[in-house]
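J.: So I've got this file, input.cif, and it contains mmCIF, C-alpha atoms:
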data_entry
#
loop_
_atom_site.label_atom_id
_atom_site.label_comp_id
_atom_site.auth_asym_id
_atom_site.auth_seq_id
_atom_site.Cartn_x
_atom_site.Cartn_y
_atom_site.Cartn_z
CA MET C 260 18.55 16.94 -28.88
CA TYR C 261 17.63 15.04 -32.03
CA GLU C 262 15.27 16.33 -34.68
CA GLY C 263 11.47 15.87 -34.63
CA PRO C 264 10.16 12.30 -34.58
CA VAL C 265 13.34 10.69 -33.17
CA GLN C 266 13.39 13.03 -30.16
CA ASP C 267 9.62 12.57 -29.68
CA LEU C 268 10.12 8.79 -29.62
CA ILE C 269 13.01 9.08 -27.12
CA ASP C 270 10.88 11.34 -24.89
CA GLU C 271 7.90 8.94 -24.97
CA LEU C 272 10.06 5.85 -24.32
CA GLY C 273 11.77 7.68 -21.45
CA ARG C 274 8.40 8.00 -19.69
CA LEU C 275 8.06 4.20 -19.36
CA PRO C 276 8.90 2.65 -15.96
CA GLY C 277 12.53 1.61 -15.61
CA VAL C 278 13.59 3.26 -18.90
CA GLY C 279 16.16 6.02 -18.43
CA PRO C 280 17.30 8.56 -21.06
CA LYS C 281 20.16 6.36 -22.32
CA SER C 282 17.97 3.26 -22.60
CA ALA C 283 15.29 5.33 -24.39
CA GLN C 284 17.87 6.51 -26.90
CA ARG C 285 19.13 2.95 -27.45
CA ILE C 286 15.60 1.58 -28.03
CA ALA C 287 14.75 4.47 -30.39
CA PHE C 288 17.79 3.84 -32.57
CA HIS C 289 17.17 0.10 -32.49
CA LEU C 290 13.62 0.73 -33.83
CA LEU C 291 15.00 3.08 -36.46
CA ALA C 292 17.31 0.36 -37.76
CA ALA C 293 14.83 -2.52 -37.34
CA ASP C 294 12.90 -4.34 -40.06
CA PRO C 295 9.68 -2.35 -40.89
CA ALA C 296 7.59 -5.53 -40.40
CA ASP C 297 8.86 -5.88 -36.80
CA VAL C 298 8.11 -2.23 -36.07
CA GLY C 299 4.65 -2.66 -37.64
CA ARG C 300 3.88 -5.60 -35.30
CA LEU C 301 4.93 -3.52 -32.27
CA GLN C 302 2.79 -0.65 -33.52
CA ASP C 303 -0.23 -2.98 -33.88
CA ALA C 304 0.31 -4.47 -30.42
CA LEU C 305 0.49 -0.99 -28.85
CA GLY C 306 -2.67 0.09 -30.66
CA ARG C 307 -4.59 -3.06 -29.65
CA VAL C 308 -3.60 -2.92 -25.97
CA LYS C 309 -5.57 0.29 -25.36
CA GLU C 310 -8.47 -0.42 -27.67
CA GLY C 311 -8.84 -4.20 -27.45
CA VAL C 312 -8.17 -4.94 -23.77
CA VAL C 313 -11.00 -4.57 -21.29
CA PHE C 314 -11.47 -5.69 -17.70
CA CYS C 315 -13.53 -8.85 -17.15
CA GLU C 316 -16.98 -7.92 -15.88
CA ILE C 317 -16.93 -10.80 -13.37
CA CYS C 318 -13.42 -10.97 -11.93
CA GLY C 319 -11.74 -7.71 -13.03
CA ASN C 320 -8.84 -9.48 -14.78
CA VAL C 321 -7.56 -8.11 -18.10
CA SER C 322 -9.44 -9.68 -20.99
CA GLU C 323 -10.15 -9.42 -24.69
CA GLN C 324 -13.88 -9.99 -24.24
CA THR C 325 -16.41 -8.88 -21.63
CA GLN C 326 -15.59 -12.07 -19.70
CA CYS C 327 -12.04 -13.39 -19.34
CA ARG C 328 -10.84 -16.83 -20.43
CA ILE C 329 -10.93 -18.22 -16.87
CA CYS C 330 -14.48 -16.99 -16.11
CA ARG C 331 -15.71 -18.46 -19.43
CA ASP C 332 -14.09 -21.84 -18.79
CA LEU C 333 -16.86 -24.17 -17.53
CA ARG C 334 -14.33 -26.77 -16.34
CA ARG C 335 -13.04 -24.42 -13.62
CA ASP C 336 -14.48 -24.81 -10.13
CA ALA C 337 -16.86 -21.87 -9.65
CA THR C 338 -17.28 -22.54 -5.91
CA VAL C 339 -13.71 -21.53 -5.01
CA VAL C 340 -12.53 -17.96 -5.64
CA CYS C 341 -8.96 -16.76 -5.16
CA VAL C 342 -8.78 -13.03 -4.32
CA VAL C 343 -5.65 -11.29 -5.63
CA GLU C 344 -4.44 -7.69 -5.83
CA GLU C 345 -3.38 -7.37 -9.49
CA PRO C 346 -3.92 -9.18 -12.81
CA LYS C 347 -0.25 -10.23 -12.72
CA ASP C 348 -0.97 -12.17 -9.51
CA VAL C 349 -3.50 -14.29 -11.45
CA LEU C 350 -0.68 -15.34 -13.74
CA ALA C 351 1.58 -16.13 -10.76
CA VAL C 352 -1.06 -18.45 -9.22
CA GLU C 353 -1.87 -19.99 -12.63
CA ARG C 354 1.81 -20.91 -13.11
CA THR C 355 1.61 -23.20 -10.07
CA ARG C 356 -0.99 -25.39 -11.90
CA GLU C 357 -2.38 -26.19 -8.42
CA PHE C 358 -5.47 -24.01 -8.51
CA LYS C 359 -8.55 -24.94 -10.51
CA GLY C 360 -10.99 -22.36 -9.19
CA ARG C 361 -11.72 -18.80 -10.31
CA TYR C 362 -10.30 -15.41 -9.41
CA HIS C 363 -11.30 -11.98 -8.20
CA VAL C 364 -8.91 -9.09 -8.87
CA LEU C 365 -9.20 -6.27 -6.33
CA GLY C 366 -7.14 -3.76 -8.31
CA GLY C 367 -4.67 -3.02 -5.48
CA ALA C 368 -4.45 -3.17 -1.69
CA LEU C 369 -5.74 -0.95 1.10
CA ASP C 370 -3.08 1.73 1.47
CA PRO C 371 -4.22 4.86 3.34
CA LEU C 372 -0.80 6.48 2.71
CA ALA C 373 -1.58 6.40 -1.02
CA GLY C 374 -5.21 7.40 -0.46
CA ILE C 375 -6.53 3.92 -1.36
CA GLY C 376 -9.48 2.86 0.78
CA PRO C 377 -12.15 0.13 0.39
CA ASP C 378 -14.12 2.24 -2.12
CA GLN C 379 -11.18 2.36 -4.53
CA LEU C 380 -10.96 -1.45 -4.70
CA ARG C 381 -13.36 -4.00 -6.19
CA ILE C 382 -14.58 -5.15 -2.76
CA ARG C 383 -18.24 -4.29 -3.37
CA GLU C 384 -18.15 -6.41 -6.55
CA LEU C 385 -16.73 -9.33 -4.53
CA MET C 386 -19.58 -9.08 -2.01
CA ALA C 387 -22.14 -8.99 -4.82
CA ARG C 388 -20.50 -12.00 -6.44
CA ILE C 389 -20.60 -14.05 -3.22
CA GLY C 390 -24.24 -13.10 -2.72
CA ALA C 391 -25.27 -14.03 -6.27
CA GLN C 392 -23.14 -17.13 -6.98
CA ASP C 393 -22.73 -20.42 -5.17
CA ILE C 394 -19.28 -19.76 -3.67
CA THR C 395 -18.12 -21.94 -0.75
CA GLU C 396 -14.49 -20.86 -0.32
CA ILE C 397 -12.62 -17.58 -0.65
CA ILE C 398 -8.83 -17.82 -0.73
CA LEU C 399 -7.18 -14.54 0.27
CA ALA C 400 -4.00 -14.30 -1.82
CA THR C 401 -3.08 -10.66 -1.24
CA ASP C 402 0.64 -9.84 -0.98
CA PRO C 403 2.33 -10.88 2.29
CA ASN C 404 3.28 -7.29 3.15
CA THR C 405 1.72 -4.68 5.44
CA GLU C 406 -0.85 -3.43 2.91
CA GLY C 407 -1.73 -6.96 1.74
CA GLU C 408 -2.18 -8.21 5.32
CA ALA C 409 -4.37 -5.21 6.20
CA THR C 410 -6.49 -5.89 3.11
CA ALA C 411 -6.87 -9.55 4.11
CA THR C 412 -7.90 -8.51 7.64
CA TYR C 413 -10.48 -6.11 6.25
CA LEU C 414 -11.88 -8.77 3.90
CA VAL C 415 -12.11 -11.34 6.72
CA ARG C 416 -14.21 -8.82 8.67
CA MET C 417 -16.49 -8.28 5.68
CA LEU C 418 -16.81 -11.98 4.75
CA ARG C 419 -17.27 -13.66 8.13
CA ASP C 420 -21.04 -13.10 8.18
CA PHE C 421 -21.74 -14.96 4.93
CA PRO C 422 -23.30 -18.31 5.95
CA GLY C 423 -21.51 -21.44 4.72
CA LEU C 424 -18.50 -19.54 3.37
CA THR C 425 -14.99 -20.64 4.29
CA VAL C 426 -12.31 -17.95 4.17
CA THR C 427 -8.70 -19.11 3.90
CA ARG C 428 -5.37 -17.26 3.66
CA LEU C 429 -2.28 -18.38 1.75
CA ALA C 430 0.29 -19.99 4.06
CA SER C 431 3.42 -17.98 4.75
CA GLY C 432 6.77 -18.98 6.13
CA LEU C 433 10.43 -19.38 5.26
CA PRO C 434 11.51 -19.17 1.62
CA MET C 435 13.47 -22.05 0.12
CA GLY C 436 17.17 -21.34 -0.26
CA GLY C 437 17.46 -18.97 2.71
CA ASP C 438 19.32 -19.07 6.04
CA LEU C 439 17.35 -19.29 9.27
CA GLU C 440 19.59 -16.73 11.00
CA PHE C 441 18.60 -14.10 8.44
CA ALA C 442 14.86 -14.74 8.78
CA ASP C 443 13.05 -11.76 10.27
CA GLU C 444 10.89 -12.15 13.39
CA LEU C 445 7.59 -11.77 11.53
CA THR C 446 8.34 -14.43 8.92
CA LEU C 447 9.86 -16.84 11.45
CA GLY C 448 6.88 -16.27 13.78
CA ARG C 449 4.47 -17.10 10.95
CA ALA C 450 6.49 -20.18 10.03
CA LEU C 451 6.40 -21.40 13.64
CA SER C 452 2.67 -20.82 14.10
CA GLY C 453 1.93 -22.51 10.77
CA ARG C 454 4.24 -25.53 11.33
CA ARG C 455 2.98 -28.96 10.37
CA THR C 456 3.61 -32.56 11.28
CA VAL C 457 5.88 -34.43 8.85
CA MET D 176 32.17 5.42 2.03
CA SER D 177 30.88 6.39 5.49
CA LEU D 178 28.73 4.08 7.53
CA TYR D 179 26.28 5.23 10.16
CA ARG D 180 23.81 3.53 12.43
CA ASP D 181 20.55 4.75 13.95
CA THR D 182 17.15 3.60 15.16
CA GLY D 183 14.12 4.68 13.18
CA VAL D 184 10.54 4.03 12.15
CA VAL D 185 9.75 3.21 8.51
CA LEU D 186 7.31 5.86 7.29
CA ARG D 187 6.92 5.03 3.63
CA VAL D 188 8.24 2.65 0.98
CA GLN D 189 8.39 3.13 -2.78
CA LYS D 190 9.26 0.56 -5.41
CA LEU D 191 12.55 1.13 -7.21
CA GLY D 192 13.62 -0.84 -10.27
CA GLU D 193 13.19 -4.61 -10.37
CA ALA D 194 13.51 -5.64 -6.74
CA ASP D 195 14.59 -2.59 -4.70
CA ARG D 196 12.69 -0.12 -2.55
CA ILE D 197 13.31 3.41 -1.34
CA ILE D 198 12.66 3.42 2.39
CA THR D 199 11.76 6.69 4.12
CA MET D 200 12.42 6.62 7.86
CA ILE D 201 12.22 9.01 10.78
CA THR D 202 15.30 8.36 12.90
CA ARG D 203 16.44 9.28 16.39
CA LYS D 204 19.66 11.10 15.48
CA HIS D 205 19.55 11.82 11.74
CA GLY D 206 15.96 13.03 11.34
CA LYS D 207 14.29 11.95 8.11
CA VAL D 208 16.41 9.53 6.11
CA ARG D 209 15.76 8.09 2.66
CA GLY D 210 17.69 4.96 1.82
CA VAL D 211 17.70 2.25 -0.83
CA ALA D 212 17.10 -1.31 0.32
CA LYS D 213 18.54 -3.45 -2.45
CA GLY D 214 16.76 -6.67 -3.36
CA VAL D 215 14.21 -6.24 -0.55
CA ARG D 216 11.29 -7.33 -2.75
CA ARG D 217 12.83 -10.73 -3.42
CA THR D 218 11.48 -13.53 -1.23
CA SER D 219 15.06 -14.49 -0.36
CA SER D 220 16.00 -10.98 0.84
CA ARG D 221 17.93 -10.90 4.10
CA PHE D 222 15.92 -7.80 5.13
CA GLY D 223 12.67 -9.79 4.98
CA ALA D 224 9.71 -7.96 6.43
CA ARG D 225 11.83 -5.65 8.60
CA LEU D 226 11.56 -2.69 6.27
CA GLU D 227 7.77 -2.53 6.01
CA PRO D 228 5.86 0.60 7.10
CA PHE D 229 5.39 0.87 10.92
CA CYS D 230 8.54 -1.17 11.66
CA HIS D 231 10.79 0.27 14.38
CA VAL D 232 14.29 -0.84 13.43
CA ASP D 233 17.96 -0.53 14.26
CA VAL D 234 19.45 0.21 10.86
CA GLN D 235 22.91 0.65 9.36
CA LEU D 236 23.36 2.69 6.17
CA TYR D 237 26.23 3.96 4.11
CA THR D 238 26.19 7.39 2.58
CA GLY D 239 25.57 7.27 -1.14
CA ARG D 240 25.81 10.04 -3.71
CA THR D 241 22.08 10.73 -3.94
CA LEU D 242 20.47 8.19 -1.62
CA ASP D 243 21.95 6.27 1.29
CA VAL D 244 22.03 2.47 1.06
CA VAL D 245 20.66 0.18 3.78
CA THR D 246 23.22 -2.48 4.70
CA GLN D 247 21.86 -4.10 7.88
CA VAL D 248 18.56 -4.08 9.77
CA GLU D 249 17.45 -5.47 13.11
CA THR D 250 13.92 -5.18 14.50
CA VAL D 251 13.44 -3.10 17.66
CA ASP D 252 9.62 -3.27 17.74
CA ALA D 253 7.53 -5.08 15.14
CA PHE D 254 4.38 -2.97 15.26
CA ALA D 255 3.07 -4.03 11.83
CA PRO D 256 1.82 -7.55 12.75
CA TRP D 257 -0.39 -6.07 15.50
CA LEU D 258 -1.59 -3.10 13.50
CA VAL D 259 -2.65 -5.02 10.39
CA THR D 260 -4.95 -7.31 12.37
CA ASP D 261 -7.30 -4.39 13.11
CA TYR D 262 -8.34 -2.11 10.24
CA GLN D 263 -9.22 0.79 12.55
CA ARG D 264 -5.76 0.74 14.14
CA TYR D 265 -4.10 0.31 10.75
CA THR D 266 -5.76 3.41 9.30
CA ALA D 267 -5.00 5.47 12.44
CA ALA D 268 -1.35 4.36 12.36
CA SER D 269 -1.14 5.25 8.64
CA ALA D 270 -2.30 8.79 9.49
CA VAL D 271 0.43 8.97 12.18
CA LEU D 272 3.09 8.05 9.61
CA GLU D 273 1.82 10.46 6.96
CA THR D 274 1.66 13.35 9.45
CA ALA D 275 5.22 12.64 10.66
CA ASP D 276 6.42 12.48 7.06
CA ARG D 277 4.82 15.83 6.23
CA LEU D 278 6.07 17.52 9.40
CA CYS D 279 9.74 16.89 8.68
CA PRO D 280 10.35 18.07 5.12
CA GLU D 281 14.13 18.39 5.55
CA GLU D 282 16.24 15.25 5.38
CA GLY D 283 19.03 14.96 7.94
CA GLU D 284 17.60 17.53 10.36
CA PRO D 285 17.26 15.97 13.85
CA VAL D 286 13.63 15.62 14.96
CA MET D 287 14.06 13.65 18.19
CA ARG D 288 10.78 14.79 19.79
CA LEU D 289 8.71 13.90 16.75
CA TYR D 290 10.48 10.53 16.50
CA LEU D 291 9.60 9.77 20.14
CA LEU D 292 6.01 10.85 19.52
CA VAL D 293 5.72 8.48 16.52
CA VAL D 294 7.15 5.53 18.47
CA GLY D 295 4.83 6.30 21.42
CA ALA D 296 1.77 6.55 19.16
CA LEU D 297 2.55 3.29 17.34
CA ARG D 298 3.17 1.52 20.64
CA ALA D 299 -0.19 2.74 21.98
CA LEU D 300 -1.95 1.77 18.75
CA SER D 301 -0.52 -1.74 18.74
CA SER D 302 -1.96 -2.45 22.18
CA THR D 303 -5.73 -2.72 22.47
CA GLU D 304 -5.87 -0.66 25.68
CA ARG D 305 -7.10 2.63 24.18
CA ASP D 306 -9.49 3.84 21.49
CA PRO D 307 -7.28 4.25 18.36
CA SER D 308 -9.15 7.40 17.44
CA LEU D 309 -8.13 9.03 20.75
CA VAL D 310 -4.50 7.93 20.33
CA LEU D 311 -4.42 9.43 16.83
CA ASP D 312 -5.92 12.74 17.99
CA ALA D 313 -3.47 12.92 20.92
CA PHE D 314 -0.60 12.34 18.48
CA LEU D 315 -1.88 14.96 16.03
CA LEU D 316 -2.30 17.58 18.78
CA ARG D 317 1.18 16.96 20.16
CA ALA D 318 2.73 16.83 16.68
CA MET D 319 1.13 20.22 15.98
CA ALA D 320 2.58 21.53 19.25
CA TYR D 321 5.98 20.27 18.07
CA ALA D 322 5.51 22.08 14.74
CA GLY D 323 4.63 25.28 16.59
CA TRP D 324 0.92 25.55 15.85
CA ALA D 325 -0.87 23.76 18.65
CA PRO D 326 -4.47 24.95 18.93
CA ALA D 327 -5.08 27.24 21.92
CA VAL D 328 -7.51 25.41 24.19
CA SER D 329 -7.50 27.03 27.62
CA GLU D 330 -7.06 30.67 26.54
CA CYS D 331 -8.15 32.85 23.62
CA ALA D 332 -5.92 32.24 20.60
CA ARG D 333 -5.98 35.95 19.70
CA CYS D 334 -5.97 38.00 22.92
CA ALA D 335 -4.84 35.27 25.39
CA ALA D 336 -7.77 35.97 27.71
CA PRO D 337 -8.05 32.98 30.06
CA GLY D 338 -10.92 30.57 29.25
CA PRO D 339 -12.99 28.55 29.12
CA HIS D 340 -14.28 29.98 25.82
CA ARG D 341 -17.10 28.73 23.63
CA SER D 342 -15.93 29.23 20.03
CA PHE D 343 -13.27 27.46 17.98
CA SER D 344 -11.72 29.12 14.95
CA VAL D 345 -9.43 27.01 12.76
CA ALA D 346 -7.97 30.07 11.02
CA GLY D 347 -7.73 31.94 14.36
CA GLY D 348 -5.62 29.17 15.93
CA GLY D 349 -7.98 27.51 18.41
CA MET D 350 -10.51 28.62 21.04
CA VAL D 351 -11.45 32.30 20.81
CA CYS D 352 -13.30 34.62 23.20
CA MET D 353 -16.60 36.29 22.28
CA ARG D 354 -14.83 39.58 21.40
CA CYS D 355 -12.24 38.00 19.07
CA ARG D 356 -14.61 35.41 17.54
CA PRO D 357 -14.43 35.61 13.72
CA PRO D 358 -17.60 34.84 11.72
CA GLY D 359 -18.00 31.16 10.87
CA SER D 360 -16.33 29.89 14.06
CA ALA D 361 -17.47 26.52 15.39
CA SER D 362 -19.16 26.21 18.78
CA PRO D 363 -17.94 22.91 20.24
CA ALA D 364 -19.47 21.33 23.33
CA ALA D 365 -17.70 21.95 26.65
CA ASP D 366 -16.82 18.22 26.84
CA THR D 367 -15.02 18.43 23.49
CA VAL D 368 -12.77 21.23 24.73
CA VAL D 369 -12.04 19.32 27.94
CA LEU D 370 -11.15 16.24 25.83
CA MET D 371 -8.78 18.19 23.56
CA ASP D 372 -7.04 19.68 26.59
CA ALA D 373 -6.73 16.20 28.16
CA LEU D 374 -5.30 14.72 24.95
CA MET D 375 -2.73 17.49 24.64
CA HIS D 376 -1.54 16.98 28.21
CA GLY D 377 -1.80 13.19 28.32
CA ASP D 378 -4.60 13.11 30.92
CA TRP D 379 -5.91 9.71 29.86
CA ASP D 380 -8.25 9.25 32.84
CA VAL D 381 -10.28 12.23 31.57
CA ALA D 382 -9.93 11.28 27.87
CA ASP D 383 -11.02 7.67 28.40
CA GLY D 384 -14.11 8.83 30.27
CA THR D 385 -15.49 11.03 27.49
CA ALA D 386 -18.56 10.14 25.42
CA GLN D 387 -18.67 9.41 21.67
CA PRO D 388 -20.14 12.76 20.49
CA ALA D 389 -17.29 14.69 22.15
CA ARG D 390 -14.70 12.35 20.59
CA ARG D 391 -16.22 12.75 17.14
CA GLU D 392 -16.34 16.52 17.44
CA ALA D 393 -12.76 16.72 18.76
CA SER D 394 -11.53 14.53 15.86
CA GLY D 395 -13.19 16.85 13.37
CA LEU D 396 -11.66 19.97 14.91
CA VAL D 397 -8.19 18.42 15.20
CA ALA D 398 -8.27 17.24 11.56
CA ALA D 399 -9.48 20.65 10.32
CA HIS D 400 -6.83 22.50 12.35
CA LEU D 401 -4.04 20.19 11.17
CA GLN D 402 -4.92 20.39 7.48
CA TRP D 403 -5.50 24.15 7.53
CA HIS D 404 -2.05 24.78 9.00
CA MET D 405 -0.35 22.19 6.80
CA GLU D 406 -1.97 23.83 3.78
CA ARG D 407 -2.68 20.45 2.29
CA GLN D 408 -5.01 17.49 2.61
CA LEU D 409 -3.66 14.35 4.27
CA ARG D 410 -4.51 11.36 2.09
CA SER D 411 -4.88 8.91 4.95
CA LEU D 412 -7.03 11.06 7.26
CA PRO D 413 -10.38 10.66 5.41
CA LEU D 414 -9.81 6.88 5.40
CA VAL D 415 -9.37 6.60 9.20
CA GLU D 416 -12.14 4.51 10.71
CA ARG D 417 -13.53 6.56 13.56
CA LYS D 418 -16.01 4.14 15.05
CA ALA D 419 -15.16 3.35 18.67
CA LYS D 420 -15.30 -0.04 20.28
CA GLU D 421 -17.74 -0.54 23.10
CA ALA D 422 -15.02 -1.88 25.38
CA SER D 423 -12.90 1.24 25.13
CA GLY D 424 -15.91 3.35 26.19
#
How would this structure read if it were set down as structure tokens?
T.:
Amino acid sequence: MYEGPVQDLIDELGRLPGVGPKSAQRIAFHLLAADPADVGRLQDALGRVKEGVVFCEICGNVSEQTQCRICRDLRRDATVVCVVEEPKDVLAVERTREFKGRYHVLGGALDPLAGIGPDQLRIRELMARIGAQDITEIILATDPNTEGEATATYLVRMLRDFPGLTVTRLASGLPMGGDLEFADELTLGRALSGRRTV
Amino acid sequence: MSLYRDTGVVLRVQKLGEADRIITMITRKHGKVRGVAKGVRRTSSRFGARLEPFCHVDVQLYTGRTLDVVTQVETVDAFAPWLVTDYQRYTAASAVLETADRLCPEEGEPVMRLYLLVVGALRALSSTERDPSLVLDAFLLRAMAYAGWAPAVSECARCAAPGPHRSFSVAGGGMVCMRCRPPGSASPAADTVVLMDALMHGDWDVADGTAQPARREASGLVAAHLQWHMERQLRSLPLVERKAKEASG
């Protein structure tokens, strides 16, 4: 045990995901030896993240203002909305530079085992958004796992009655760089049913 | 390093580190097993979607110091693709997994009967033949019988007087006669009691023929009985969609 503030810092760092007691100790001593200006910047960033970051009132993405950068951007196509589970998925789709529409962040996936049902997600907000705005396509980009697929199924059921709305799902299939013999039945089945003419 | 192989159903997965997952399974020979699947969250993982909840797999593990490590997996039954296409079946199947997980607290203790019940329930839920709500209630009743606290249906739970009786007491352990009836007992319809008895004994001709009010009432009683005896709330149970399809009538 170290004295006072050093031990407090190690304890707090040790509560972060993926940081064990040894790593916490290493980071604490690194901060102790670091330039005060660097530590000050980290301190400011930590302070701002809780006070300055809010969730966008339209899409639910993390934002500095009431509306996020993407929702404020008038050049983005407002008729196409990509539905994702988490704010980090927005970044993953943005990195492709293929998508020019807007987003809707659900805040997770339907997972009864974790007690997450439709009321815990931003599904009602999505319905209200489709009703109020001129949206023609919803792209379901939930994770390709059991919870993500169940969420997509649930959303399809909720969205199919909106007139003039197309609902699409991200394609799934074999990853690049893999061997066919190691592909599981579900993935290979999806790849076969979604095959295309070349 | 000792290797072992078994067949099991994936009950639960938890993220571990950058790309790993801890997989909790109920297996045929080794009871509940918790193992690490390394790199399973990477798109190039050789495990692919085989270690998702609801998957019935043939798995090889080696014994680690704290957790076992999954080395190979083959699919026996891929229930997940069928279950996720129907939200009602998905929520019912989630309740099956959570109940099985709660009923075997000890790792490594063989629970063959419960394992067979889970596989049977998932198989029934992935076909569209039966009302998922009925399949779930049948599983819960039989799982409670396995745990040793099946509700008494045909005789009084307290004095064993032969029925039929008219009151149901969750704390008393099932149907109770007029003399043993504690205050606050429920008074289910005769059809509900018949349905519960049919579900416990697998009499599907009777169960399939019951009306919606009896099914709803039976579901309520089964859920109350299960959670009272487990001494805890199941997270998935309130999220189960109970509406029945017309076709399954």
J.: Near chain D, which residues of chain C fall within 12 Å when you count all atoms listed in the file, and what do they look like as an NGL selection string?
T.: :C and (275-279 or 369-379 or 402-417 or 431-449)
J.: Could you write those residues out with C-alpha atoms, as a PDB file, in the coordinates of the input?
T.:
ATOM      1  CA  LEU C 275       8.060   4.200 -19.360  1.00  0.00           C
ATOM      2  CA  PRO C 276       8.900   2.650 -15.960  1.00  0.00           C
ATOM      3  CA  GLY C 277      12.530   1.610 -15.610  1.00  0.00           C
ATOM      4  CA  VAL C 278      13.590   3.260 -18.900  1.00  0.00           C
ATOM      5  CA  GLY C 279      16.160   6.020 -18.430  1.00  0.00           C
ATOM      6  CA  LEU C 369      -5.740  -0.950   1.100  1.00  0.00           C
ATOM      7  CA  ASP C 370      -3.080   1.730   1.470  1.00  0.00           C
ATOM      8  CA  PRO C 371      -4.220   4.860   3.340  1.00  0.00           C
ATOM      9  CA  LEU C 372      -0.800   6.480   2.710  1.00  0.00           C
ATOM     10  CA  ALA C 373      -1.580   6.400  -1.020  1.00  0.00           C
ATOM     11  CA  GLY C 374      -5.210   7.400  -0.460  1.00  0.00           C
ATOM     12  CA  ILE C 375      -6.530   3.920  -1.360  1.00  0.00           C
ATOM     13  CA  GLY C 376      -9.480   2.860   0.780  1.00  0.00           C
ATOM     14  CA  PRO C 377     -12.150   0.130   0.390  1.00  0.00           C
ATOM     15  CA  ASP C 378     -14.120   2.240  -2.120  1.00  0.00           C
ATOM     16  CA  GLN C 379     -11.180   2.360  -4.530  1.00  0.00           C
ATOM     17  CA  ASP C 402       0.640  -9.840  -0.980  1.00  0.00           C
ATOM     18  CA  PRO C 403       2.330 -10.880   2.290  1.00  0.00           C
ATOM     19  CA  ASN C 404       3.280  -7.290   3.150  1.00  0.00           C
ATOM     20  CA  THR C 405       1.720  -4.680   5.440  1.00  0.00           C
ATOM     21  CA  GLU C 406      -0.850  -3.430   2.910  1.00  0.00           C
ATOM     22  CA  GLY C 407      -1.730  -6.960   1.740  1.00  0.00           C
ATOM     23  CA  GLU C 408      -2.180  -8.210   5.320  1.00  0.00           C
ATOM     24  CA  ALA C 409      -4.370  -5.210   6.200  1.00  0.00           C
ATOM     25  CA  THR C 410      -6.490  -5.890   3.110  1.00  0.00           C
ATOM     26  CA  ALA C 411      -6.870  -9.550   4.110  1.00  0.00           C
ATOM     27  CA  THR C 412      -7.900  -8.510   7.640  1.00  0.00           C
ATOM     28  CA  TYR C 413     -10.480  -6.110   6.250  1.00  0.00           C
ATOM     29  CA  LEU C 414     -11.880  -8.770   3.900  1.00  0.00           C
ATOM     30  CA  VAL C 415     -12.110 -11.340   6.720  1.00  0.00           C
ATOM     31  CA  ARG C 416     -14.210  -8.820   8.670  1.00  0.00           C
ATOM     32  CA  MET C 417     -16.490  -8.280   5.680  1.00  0.00           C
ATOM     33  CA  SER C 431       3.420 -17.980   4.750  1.00  0.00           C
ATOM     34  CA  GLY C 432       6.770 -18.980   6.130  1.00  0.00           C
ATOM     35  CA  LEU C 433      10.430 -19.380   5.260  1.00  0.00           C
ATOM     36  CA  PRO C 434      11.510 -19.170   1.620  1.00  0.00           C
ATOM     37  CA  MET C 435      13.470 -22.050   0.120  1.00  0.00           C
ATOM     38  CA  GLY C 436      17.170 -21.340  -0.260  1.00  0.00           C
ATOM     39  CA  GLY C 437      17.460 -18.970   2.710  1.00  0.00           C
ATOM     40  CA  ASP C 438      19.320 -19.070   6.040  1.00  0.00           C
ATOM     41  CA  LEU C 439      17.350 -19.290   9.270  1.00  0.00           C
ATOM     42  CA  GLU C 440      19.590 -16.730  11.000  1.00  0.00           C
ATOM     43  CA  PHE C 441      18.600 -14.100   8.440  1.00  0.00           C
ATOM     44  CA  ALA C 442      14.860 -14.740   8.780  1.00  0.00           C
ATOM     45  CA  ASP C 443      13.050 -11.760  10.270  1.00  0.00           C
ATOM     46  CA  GLU C 444      10.890 -12.150  13.390  1.00  0.00           C
ATOM     47  CA  LEU C 445       7.590 -11.770  11.530  1.00  0.00           C
ATOM     48  CA  THR C 446       8.340 -14.430   8.920  1.00  0.00           C
ATOM     49  CA  LEU C 447       9.860 -16.840  11.450  1.00  0.00           C
ATOM     50  CA  GLY C 448       6.880 -16.270  13.780  1.00  0.00           C
ATOM     51  CA  ARG C 449       4.470 -17.100  10.950  1.00  0.00           C
TER      52      ARG C 449
END
J.: For atom CA of D:Arg356 and atom CA of D:Asp378, quote the distance in Å rounded to one decimal.
T.: 27.9 Å
J.: Show me, as a list in words, the residues that have an atom within 7 Å of C:Cys318 when counting only C-alpha atoms, minus same-chain residues fewer than 5 positions from it.
T.: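 Skipping anything fewer than 5 positions along the chain leaves Tyr362, His363 and Val364 of chain C.
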J.: What's the 8 Å shell around D:Tyr179, counting only C-alpha atoms, without same-chain residues fewer than 6 positions away, as a PyMOL selection string?
T.: chain D and resi 235-238
J.: Quick one: pull the distance between atom CA of D:Asp383 and atom CA of D:Asp276, Å, one decimal.
T.: 28.0 Å
